[in-house]
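Worksheet: the structure to be examined is printed underneath.
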Amino acid sequence: MTAEKQAAVAAIEKKADLVAQVADEIWSFAELSLQEEQSADLYCRVLEQEGFKVERGICNIPTAFSASYGSGRPIIGLLAEYDALSGLSQKGGSLTREELVSGGCGHGCGHNLLGAGAMAAALGVKAYLEAAKIPGTVVLYGCPGEEGGAAKAFMARDGLWYGLDAALTWHPDDANEVLTGSSNSCIQTQYHFTGVAAHAAGDPDRGRSALDAVELMNVGCNYMREHMIPDARVHYAVTDTGGDAPNVVQAHAEVIYSVRAPRVDQVCELAERVHNIARGAALMTETKVEIQVVSAYADVLQNKVLDNLVYGHMKEIFPLDYSHEELDYAEKFHAVGDPGDWTLYQTMAAKIMGENGKAFFRGAMADVCVPPLPLKQGSTDVGDVSWNVPSAWFGSACFALGTPAHSWLAVAQGKSSIAHRGMTGAASVLARTALELMERPELVEAAWEEMKEAKKNCEYRCLIPEDVRAGSF
């Protein structure tokens with residue numbers, strides 16, 4: 001390893017306590033999508049102190065930011081997330097469900113670690129640029145609202161990602177793996193029904209129930225499920241029931257739907273069918289419906305050039321050397337985790353590597369580096385980035401094997417030394433990958449050629465209407 005690369009690694013190790021402190025503070029803030037005011041402010045203050053040029057509120061999103069260091073090309077973007085999930089407040093380290101704040105929020109997807117790890121990588125790349133004195137720029141993007149807010153898609157709509165040469169990110173996981181599969185495209189839509197209030201007993205004939213319309217819409221969508229492609233998903237939450245008085249015909253009601261499908265064209269077609277069901281429900285109940293797309297994600301465009309590069313550097317970092325105390329800690333959470341999670345991994349590994357592949361997923365920690373497995377992910381706004389610039393992302397084990405995503409178990413482990421270890425390992429992989437792209441421009445060129453080929457002459461189109469602003473719903 002060159003002296004310049006050693007400077008990058010040393011910088012990450014030197015700042016490990018600072019990065020862990022930031023991750024733990026973000027864990028404590030536990031702010032919801034596009035409401036991450038304290039979290040964004042903390043990142044901006046720390047990055048300014050570390051010598052980055054910080055711009056707050058980019059792309060008209062108050063809790064988004066960019067922090068850059070260096071000059072010239074290549075320009076490598078690192079993507080940070082820091083939003084939490086509702087209803088997942090949980091005491092750290094507890095093996096049972098114990099709310100820290102009644103009805104509060106929690107980092108059930110590990111975004112407190114994700115953002116801090118990306119920041120640590122940026123600190124490492126900065127140290128490299130200072131030592132090497134070569135052209136190159138690293139930009140840490142604060143991307144709020146991944147959980148339904150789709151900030152990266154709004155940023156893509158504004159053309160933010162076009163200026164990059166590559167984009168890299170990671171995600172806390174219960175395994176170490178390059179996320180080589182695609183993701184589902186997703187459209188999230190609000191349906192607001194307006195009816196006519198009336199006395200439900202005295203003159204119900206004068207009323208027109210908006211809540212009836214919501215219920216009929218849900219029934220209609222349930223009938224549709226038999227007649228959509230198997231890989232599609234449709235789910236919903238009623239966000240306004242029209243009040244809690246049963247003797248009043250509900251004059252307003254609202255439901256929000258998430259529609260997912262593997263490709264953008266498929267999700268657009270399915271979303272239109274759901275729109276038509278909403279219109280039909282309004283027609284049946286003689287109510288009115290307002291349909292508003294509030295966020296959307298594109299599917300992830302895989303880039304094998306970057307995936308293989310990331311995997312190569314993951315093998316340099318993993319497995320990590322856990323202490324006996326850490327393994328005992330992981331074993332306890334593994335015991336109360338989800339067996340279906342690691343059996344899924346075992347099945348996929350066996351298909352690709354034979355029965356020996358199952359050995360990667362035995363024990364409490366999947367502490368080895370798993371060869372790329374084409375697992376289908378959920379939905380992420382990283383997809384919108386990947387259609388604009390070559391992108392790669394990977395998972396780093398921060399939780400015991402079998403820890404479900406979006407669960408209190410993930411929140412409980414989010415401040416552990418295992419979580420911090422996984423975060424630091426991810427930061428090193430991100431930094432090393434960024435440095436190699438800076439040193440080998442032919443890799444950047446190859447990644448761009450692959451992206452252009454993968455798009456198959458399909459140009460990116462953001463699915464969010466121009467008049468919708470992030471966080472307006």
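Identifiers in the structure tokens: chain A, B, ... in order shown; residue index from 1 per chain; ligand index from 1 in order shown.
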Quiz item: Which residues come within 8 Å of Arg56 of chain A, counting only C-alpha atoms, excluding same-chain residues fewer than 5 positions away, as a PyMOL selection string?
Solution: chain A and resi 44+62-66
Quiz prompt | segment 133-244 of chain A: residues DSSP assigns to strand (DSSP E), reported as a ChimeraX atom specification | solution = /A:136-142,166-173,176-179,185-194,233-240
Print the selection's residues with C-alpha atoms to a file, as an mmCIF file, in the first residue's frame.
```cif
data_model
loop_
_atom_site.group_PDB
_atom_site.id
_atom_site.type_symbol
_atom_site.label_atom_id
_atom_site.label_comp_id
_atom_site.auth_asym_id
_atom_site.auth_seq_id
_atom_site.Cartn_x
_atom_site.Cartn_y
_atom_site.Cartn_z
ATOM 1 C CA GLY A 136 -9.648 14.753 -7.699
ATOM 2 C CA THR A 137 -12.709 15.647 -5.671
ATOM 3 C CA VAL A 138 -14.731 13.789 -3.078
ATOM 4 C CA VAL A 139 -18.279 14.910 -2.326
ATOM 5 C CA LEU A 140 -20.329 13.589 0.553
ATOM 6 C CA TYR A 141 -24.017 14.030 -0.207
ATOM 7 C CA GLY A 142 -26.432 14.192 2.672
ATOM 8 C CA ALA A 166 -19.041 7.554 -9.930
ATOM 9 C CA ALA A 167 -21.276 7.231 -6.879
ATOM 10 C CA LEU A 168 -20.706 4.838 -3.993
ATOM 11 C CA THR A 169 -22.650 3.943 -0.893
ATOM 12 C CA TRP A 170 -23.280 1.080 1.520
ATOM 13 C CA HIS A 171 -25.943 -0.196 3.870
ATOM 14 C CA PRO A 172 -25.848 -1.747 7.348
ATOM 15 C CA ASP A 173 -26.745 -5.418 7.041
ATOM 16 C CA ASN A 176 -21.019 -8.583 4.103
ATOM 17 C CA GLU A 177 -22.066 -8.603 0.474
ATOM 18 C CA VAL A 178 -22.017 -6.576 -2.702
ATOM 19 C CA LEU A 179 -25.634 -5.738 -3.508
ATOM 20 C CA SER A 185 -39.196 0.564 -9.058
ATOM 21 C CA CYS A 186 -41.723 2.178 -6.762
ATOM 22 C CA ILE A 187 -44.406 4.862 -6.974
ATOM 23 C CA GLN A 188 -45.979 6.203 -3.807
ATOM 24 C CA THR A 189 -49.298 8.000 -4.192
ATOM 25 C CA GLN A 190 -51.746 9.752 -1.900
ATOM 26 C CA TYR A 191 -55.481 9.404 -2.590
ATOM 27 C CA HIS A 192 -57.578 12.030 -0.851
ATOM 28 C CA PHE A 193 -61.325 11.450 -1.008
ATOM 29 C CA THR A 194 -63.858 14.196 -0.307
ATOM 30 C CA ARG A 233 -46.158 -5.503 -4.800
ATOM 31 C CA VAL A 234 -49.037 -3.240 -3.714
ATOM 32 C CA HIS A 235 -49.421 -2.087 -0.110
ATOM 33 C CA TYR A 236 -51.143 0.762 1.640
ATOM 34 C CA ALA A 237 -51.783 2.677 4.852
ATOM 35 C CA VAL A 238 -54.943 4.603 5.717
ATOM 36 C CA THR A 239 -53.652 7.991 6.874
ATOM 37 C CA ASP A 240 -57.008 9.706 7.525
#
```
Practice problem: Have a look at atom CA of Trp161 of chain A and atom CA of Ile61 of chain A and let me know their distance in Å, one decimal. | Solution: 15.3 Å
Quiz item: Quick one: distance from atom CA of Ala116 of chain A to atom CA of Val444 of chain A in Å, one decimal?
Solution: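 About the pair atom CA of Ala116 of chain A and atom CA of Val444 of chain A: they are 25.5 Å apart.
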Exercise. Enumerate as number ranges by chain all residues of segment 162-409 of chain A assigned to helix (DSSP H, G or I) by DSSP on the backbone, naming them with the chain letters and numbers the document uses.
Key: A: 162-163, 204-206, 210-227, 264-285, 304-317, 324-335, 339-353, 355-361, 382-386, 408-409
Quiz prompt | Shell of 8 Å around Phe399 of chain A, only C-alpha atoms, local chain residues under 5 positions omitted, as number ranges by chain | solution = A: 172-174, 330, 365, 410, 413-414, 418-419
Selection to disk with all heavy atoms, as a CSV table (one decimal), in the first residue's frame:
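This is the output file out-v3.csv:
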```csv
chain,number,residue,atom,x,y,z
A,172,PRO,N,-26.0,-0.8,6.2
A,172,PRO,CA,-25.8,-1.7,7.3
A,172,PRO,C,-26.7,-3.0,7.1
A,172,PRO,O,-27.8,-2.9,6.6
A,172,PRO,CB,-26.4,-1.0,8.5
A,172,PRO,CG,-26.2,0.5,8.2
A,172,PRO,CD,-26.4,0.5,6.7
A,173,ASP,N,-26.1,-4.1,7.4
A,173,ASP,CA,-26.7,-5.4,7.0
A,173,ASP,C,-26.4,-6.4,8.1
A,173,ASP,O,-25.7,-6.1,9.1
A,173,ASP,CB,-26.2,-5.8,5.7
A,173,ASP,CG,-27.1,-6.8,4.9
A,173,ASP,OD1,-28.0,-7.4,5.5
A,173,ASP,OD2,-26.9,-6.9,3.7
A,174,ASP,N,-26.9,-7.7,7.9
A,174,ASP,CA,-26.4,-8.8,8.8
A,174,ASP,C,-25.5,-9.7,8.0
A,174,ASP,O,-25.2,-10.8,8.4
A,174,ASP,CB,-27.6,-9.5,9.4
A,174,ASP,CG,-28.5,-10.2,8.3
A,174,ASP,OD1,-28.3,-9.9,7.1
A,174,ASP,OD2,-29.3,-11.0,8.7
A,330,ALA,N,-23.5,-11.0,20.0
A,330,ALA,CA,-24.2,-11.3,18.7
A,330,ALA,C,-25.0,-12.6,18.8
A,330,ALA,O,-26.1,-12.7,18.3
A,330,ALA,CB,-23.1,-11.5,17.6
A,365,MET,N,-22.6,-14.4,13.6
A,365,MET,CA,-22.2,-13.3,12.7
A,365,MET,C,-21.8,-13.8,11.3
A,365,MET,O,-20.9,-14.7,11.2
A,365,MET,CB,-21.0,-12.5,13.3
A,365,MET,CG,-21.4,-11.7,14.5
A,365,MET,SD,-22.5,-10.3,14.1
A,365,MET,CE,-21.6,-9.4,12.9
A,410,ALA,N,-32.8,-4.3,15.2
A,410,ALA,CA,-31.8,-3.5,14.5
A,410,ALA,C,-31.5,-2.3,15.4
A,410,ALA,O,-30.4,-1.9,15.5
A,410,ALA,CB,-32.2,-3.2,13.1
A,413,GLN,N,-29.3,-2.9,18.4
A,413,GLN,CA,-27.9,-3.2,18.1
A,413,GLN,C,-27.2,-2.0,17.5
A,413,GLN,O,-26.0,-2.1,17.3
A,413,GLN,CB,-27.8,-4.4,17.2
A,413,GLN,CG,-28.3,-5.7,17.8
A,413,GLN,CD,-28.4,-6.8,16.8
A,413,GLN,OE1,-27.3,-7.3,16.4
A,413,GLN,NE2,-29.6,-7.2,16.4
A,414,GLY,N,-27.9,-0.9,17.3
A,414,GLY,CA,-27.3,0.2,16.5
A,414,GLY,C,-26.2,1.0,17.1
A,414,GLY,O,-25.6,1.8,16.4
A,418,ILE,N,-20.1,-4.0,17.7
A,418,ILE,CA,-20.2,-4.7,16.4
A,418,ILE,C,-20.7,-3.8,15.3
A,418,ILE,O,-20.2,-3.8,14.2
A,418,ILE,CB,-21.1,-5.9,16.5
A,418,ILE,CG1,-20.4,-7.0,17.3
A,418,ILE,CG2,-21.6,-6.4,15.2
A,418,ILE,CD1,-21.3,-8.2,17.6
A,419,ALA,N,-21.7,-2.9,15.6
A,419,ALA,CA,-22.2,-2.0,14.6
A,419,ALA,C,-21.1,-1.0,14.2
A,419,ALA,O,-21.0,-0.7,13.0
A,419,ALA,CB,-23.4,-1.2,15.2
```
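Taking atom CA of Glu81 of chain A and atom CA of Glu146 of chain A as endpoints, the distance between them is 6.9 Å.
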Quiz item: In terms of the shortest atom-to-atom distance over only C-alpha atoms, which of A:Phe318, A:Ala175, A:Glu25, A:Ala281 is closest to Gly363 of chain A?
Solution: A:Ala175
Practice problem: Name the residues in contact with segment 250-253 of chain A at a cut-off of 12 Å, using only C-alpha atoms, excluding same-chain residues fewer than 2 positions from it; report them as an NGL selection string. | Solution: :A and (190-200 or 204 or 206-215 or 217 or 237-248 or 255-256 or 282 or 285-290)
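Counting only C-alpha atoms and comparing A:Val101, A:Val19, A:Ala153, A:Ala296, the residue that lies closest to Asn184 of chain A is A:Ala296.
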Quiz prompt | Distance criterion (only C-alpha atoms): nearest to Phe394 of chain A out of A:Gly337, A:Gly312, A:Gly471, A:Gly354 | solution =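 Closest to Phe394 of chain A of all the choices is A:Gly312.
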Quiz prompt | Nearest-residue call for Cys109 of chain A, choices A:Gly220, A:Pro404, A:Gly425, A:Pro74, using only C-alpha atoms | solution =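 Closest to Cys109 of chain A, using only C-alpha atoms: A:Pro404.
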Practice problem: Considering only C-alpha atoms, state which residue in the set A:Lys14, A:Gly124, A:Ile26, A:Ile317 is at the smallest distance from Gln38 of chain A. | Solution: A:Ile26
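Shortest atom-to-atom contact with Ala121 of chain A among A:Glu355, A:Glu13, A:Glu466, A:Glu439: A:Glu13, counting only C-alpha atoms.
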Exercise. Tell me which protein, DNA and RNA residues are within 7 Å of Ile464 of chain A, counting only C-alpha atoms, leaving out same-chain ones fewer than 3 positions away, and put them as a list in words.
Key: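 Contacts, in chain order: Val293, Val294, Ser295, Ala296 and Val468 of chain A.
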Convert the current residue selection to file output with N, CA, C and O atoms, as a compact mmCIF listing (two decimals), in the first residue's frame.
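result_24.txt, freshly written:
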```txt
# COMPACT_ATOMS: atom_id res chain seq x y z
N VAL A 293 -49.07 11.82 -6.81
CA VAL A 293 -47.82 11.07 -6.66
C VAL A 293 -46.89 11.89 -5.78
O VAL A 293 -46.63 13.06 -6.06
N VAL A 294 -46.39 11.28 -4.69
CA VAL A 294 -45.57 12.04 -3.75
C VAL A 294 -44.10 11.64 -3.76
O VAL A 294 -43.23 12.42 -3.36
N SER A 295 -43.80 10.43 -4.19
CA SER A 295 -42.41 10.02 -4.33
C SER A 295 -42.34 8.82 -5.26
O SER A 295 -43.35 8.14 -5.49
N ALA A 296 -41.16 8.57 -5.79
CA ALA A 296 -40.98 7.44 -6.70
C ALA A 296 -39.51 7.08 -6.77
O ALA A 296 -38.63 7.95 -6.63
N VAL A 468 -44.22 18.67 -7.59
CA VAL A 468 -44.16 18.07 -6.26
C VAL A 468 -42.80 18.35 -5.65
O VAL A 468 -41.76 18.07 -6.26
```
Exercise. Within 12 Å of Ile58 of chain A, counting only C-alpha atoms, which residues show up once you throw out same-chain ones fewer than 6 positions away? Write them as a list in words, please.
Key: Ala40, Ala64, Phe65, Ser66, Ala67, Tyr141, Gly142, Cys143, Pro144, Ala151, Lys152, Phe154, Met155, Ala156, Asp158, Gly159, Leu160 and Ala470 of chain A
Output N, CA, C and O atoms for every residue in that selection, as a PDB file, in the first residue's frame.
```
ATOM      1  N   ALA A  40     -28.827  16.543  10.127  1.00  0.00           N
ATOM      2  CA  ALA A  40     -28.155  17.267   9.046  1.00  0.00           C
ATOM      3  C   ALA A  40     -27.239  18.352   9.600  1.00  0.00           C
ATOM      4  O   ALA A  40     -26.116  18.544   9.119  1.00  0.00           O
ATOM      5  N   ALA A  64     -31.036  18.360   3.239  1.00  0.00           N
ATOM      6  CA  ALA A  64     -30.034  17.799   2.334  1.00  0.00           C
ATOM      7  C   ALA A  64     -28.815  18.717   2.321  1.00  0.00           C
ATOM      8  O   ALA A  64     -28.923  19.922   2.552  1.00  0.00           O
ATOM      9  N   PHE A  65     -27.647  18.140   2.037  1.00  0.00           N
ATOM     10  CA  PHE A  65     -26.437  18.956   1.986  1.00  0.00           C
ATOM     11  C   PHE A  65     -25.397  18.283   1.099  1.00  0.00           C
ATOM     12  O   PHE A  65     -25.518  17.101   0.738  1.00  0.00           O
ATOM     13  N   SER A  66     -24.370  19.028   0.743  1.00  0.00           N
ATOM     14  CA  SER A  66     -23.191  18.470   0.102  1.00  0.00           C
ATOM     15  C   SER A  66     -21.963  18.993   0.823  1.00  0.00           C
ATOM     16  O   SER A  66     -21.955  20.115   1.329  1.00  0.00           O
ATOM     17  N   ALA A  67     -20.930  18.168   0.891  1.00  0.00           N
ATOM     18  CA  ALA A  67     -19.669  18.552   1.532  1.00  0.00           C
ATOM     19  C   ALA A  67     -18.535  18.067   0.633  1.00  0.00           C
ATOM     20  O   ALA A  67     -18.379  16.858   0.436  1.00  0.00           O
ATOM     21  N   TYR A 141     -22.665  13.505  -0.046  1.00  0.00           N
ATOM     22  CA  TYR A 141     -24.017  14.030  -0.207  1.00  0.00           C
ATOM     23  C   TYR A 141     -24.892  13.555   0.946  1.00  0.00           C
ATOM     24  O   TYR A 141     -25.027  12.353   1.179  1.00  0.00           O
ATOM     25  N   GLY A 142     -25.457  14.507   1.645  1.00  0.00           N
ATOM     26  CA  GLY A 142     -26.432  14.192   2.672  1.00  0.00           C
ATOM     27  C   GLY A 142     -27.778  13.994   2.025  1.00  0.00           C
ATOM     28  O   GLY A 142     -28.391  14.944   1.528  1.00  0.00           O
ATOM     29  N   CYS A 143     -28.245  12.747   2.011  1.00  0.00           N
ATOM     30  CA  CYS A 143     -29.472  12.381   1.289  1.00  0.00           C
ATOM     31  C   CYS A 143     -30.555  11.993   2.296  1.00  0.00           C
ATOM     32  O   CYS A 143     -30.617  10.838   2.740  1.00  0.00           O
ATOM     33  N   PRO A 144     -31.406  12.913   2.675  1.00  0.00           N
ATOM     34  CA  PRO A 144     -32.444  12.613   3.663  1.00  0.00           C
ATOM     35  C   PRO A 144     -33.595  11.825   3.037  1.00  0.00           C
ATOM     36  O   PRO A 144     -33.679  11.663   1.813  1.00  0.00           O
ATOM     37  N   ALA A 151     -35.402  11.393  -1.587  1.00  0.00           N
ATOM     38  CA  ALA A 151     -34.642  12.614  -1.828  1.00  0.00           C
ATOM     39  C   ALA A 151     -33.689  12.474  -3.013  1.00  0.00           C
ATOM     40  O   ALA A 151     -33.527  13.415  -3.806  1.00  0.00           O
ATOM     41  N   LYS A 152     -33.061  11.312  -3.169  1.00  0.00           N
ATOM     42  CA  LYS A 152     -32.122  11.135  -4.279  1.00  0.00           C
ATOM     43  C   LYS A 152     -32.834  11.239  -5.626  1.00  0.00           C
ATOM     44  O   LYS A 152     -32.237  11.654  -6.622  1.00  0.00           O
ATOM     45  N   PHE A 154     -35.523  13.206  -6.156  1.00  0.00           N
ATOM     46  CA  PHE A 154     -35.709  14.642  -6.341  1.00  0.00           C
ATOM     47  C   PHE A 154     -34.404  15.295  -6.798  1.00  0.00           C
ATOM     48  O   PHE A 154     -34.402  16.185  -7.654  1.00  0.00           O
ATOM     49  N   MET A 155     -33.298  14.846  -6.243  1.00  0.00           N
ATOM     50  CA  MET A 155     -31.994  15.364  -6.646  1.00  0.00           C
ATOM     51  C   MET A 155     -31.695  15.002  -8.098  1.00  0.00           C
ATOM     52  O   MET A 155     -31.134  15.810  -8.844  1.00  0.00           O
ATOM     53  N   ALA A 156     -32.074  13.780  -8.481  1.00  0.00           N
ATOM     54  CA  ALA A 156     -31.891  13.373  -9.877  1.00  0.00           C
ATOM     55  C   ALA A 156     -32.738  14.228 -10.806  1.00  0.00           C
ATOM     56  O   ALA A 156     -32.298  14.606 -11.900  1.00  0.00           O
ATOM     57  N   ASP A 158     -33.416  17.222 -10.438  1.00  0.00           N
ATOM     58  CA  ASP A 158     -32.732  18.508 -10.553  1.00  0.00           C
ATOM     59  C   ASP A 158     -31.381  18.400 -11.247  1.00  0.00           C
ATOM     60  O   ASP A 158     -30.656  19.398 -11.362  1.00  0.00           O
ATOM     61  N   GLY A 159     -31.011  17.198 -11.694  1.00  0.00           N
ATOM     62  CA  GLY A 159     -29.762  17.026 -12.448  1.00  0.00           C
ATOM     63  C   GLY A 159     -28.510  16.982 -11.601  1.00  0.00           C
ATOM     64  O   GLY A 159     -27.402  17.139 -12.125  1.00  0.00           O
ATOM     65  N   LEU A 160     -28.635  16.739 -10.289  1.00  0.00           N
ATOM     66  CA  LEU A 160     -27.483  16.816  -9.398  1.00  0.00           C
ATOM     67  C   LEU A 160     -26.419  15.786  -9.720  1.00  0.00           C
ATOM     68  O   LEU A 160     -25.222  16.068  -9.629  1.00  0.00           O
ATOM     69  N   ALA A 470     -40.071  17.842  -2.387  1.00  0.00           N
ATOM     70  CA  ALA A 470     -39.760  16.862  -1.362  1.00  0.00           C
ATOM     71  C   ALA A 470     -40.352  17.299  -0.016  1.00  0.00           C
ATOM     72  O   ALA A 470     -40.209  18.442   0.393  1.00  0.00           O
TER      73      ALA A 470
END
```
Exercise. Please provide the set of residues having any atom within 9 Å of Ile134 of chain A, restricted to only C-alpha atoms, with same-chain residues fewer than 2 positions apart removed, written as a list of chain:residue names.
Key: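 Near Ile134 of chain A, the qualifying residues are A:Gly70, A:Ser71, A:Gly72, A:Leu129, A:Glu130, A:Ala131, A:Ala132, A:Gly136.
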Atoms to include: N, CA, C and O atoms. Write the selected residues as a short mmCIF file (atom, residue, chain, number, x, y, z; two decimals), in the first residue's frame.
```cif
data_model
loop_
_atom_site.label_atom_id
_atom_site.label_comp_id
_atom_site.auth_asym_id
_atom_site.auth_seq_id
_atom_site.Cartn_x
_atom_site.Cartn_y
_atom_site.Cartn_z
N GLY A 70 -11.28 18.99 -2.40
CA GLY A 70 -10.44 18.73 -3.55
C GLY A 70 -10.85 19.57 -4.73
O GLY A 70 -11.72 20.45 -4.65
N SER A 71 -10.22 19.31 -5.87
CA SER A 71 -10.53 20.04 -7.10
C SER A 71 -10.21 19.16 -8.30
O SER A 71 -9.31 18.31 -8.25
N GLY A 72 -10.94 19.38 -9.37
CA GLY A 72 -10.70 18.62 -10.59
C GLY A 72 -11.35 17.24 -10.56
O GLY A 72 -12.03 16.87 -9.62
N LEU A 129 -6.07 12.78 -0.74
CA LEU A 129 -5.86 13.90 -1.66
C LEU A 129 -4.84 14.89 -1.10
O LEU A 129 -4.04 15.47 -1.85
N GLU A 130 -4.87 15.09 0.20
CA GLU A 130 -3.88 15.99 0.82
C GLU A 130 -2.47 15.43 0.68
O GLU A 130 -1.51 16.18 0.42
N ALA A 131 -2.34 14.11 0.83
CA ALA A 131 -1.01 13.49 0.76
C ALA A 131 -0.52 13.34 -0.68
O ALA A 131 0.65 13.57 -0.98
N ALA A 132 -1.42 12.96 -1.59
CA ALA A 132 -1.02 12.68 -2.97
C ALA A 132 -0.85 13.94 -3.80
O ALA A 132 -0.10 13.94 -4.79
N GLY A 136 -8.60 15.66 -8.14
CA GLY A 136 -9.65 14.75 -7.70
C GLY A 136 -10.50 15.42 -6.64
O GLY A 136 -10.01 16.27 -5.88
#
```
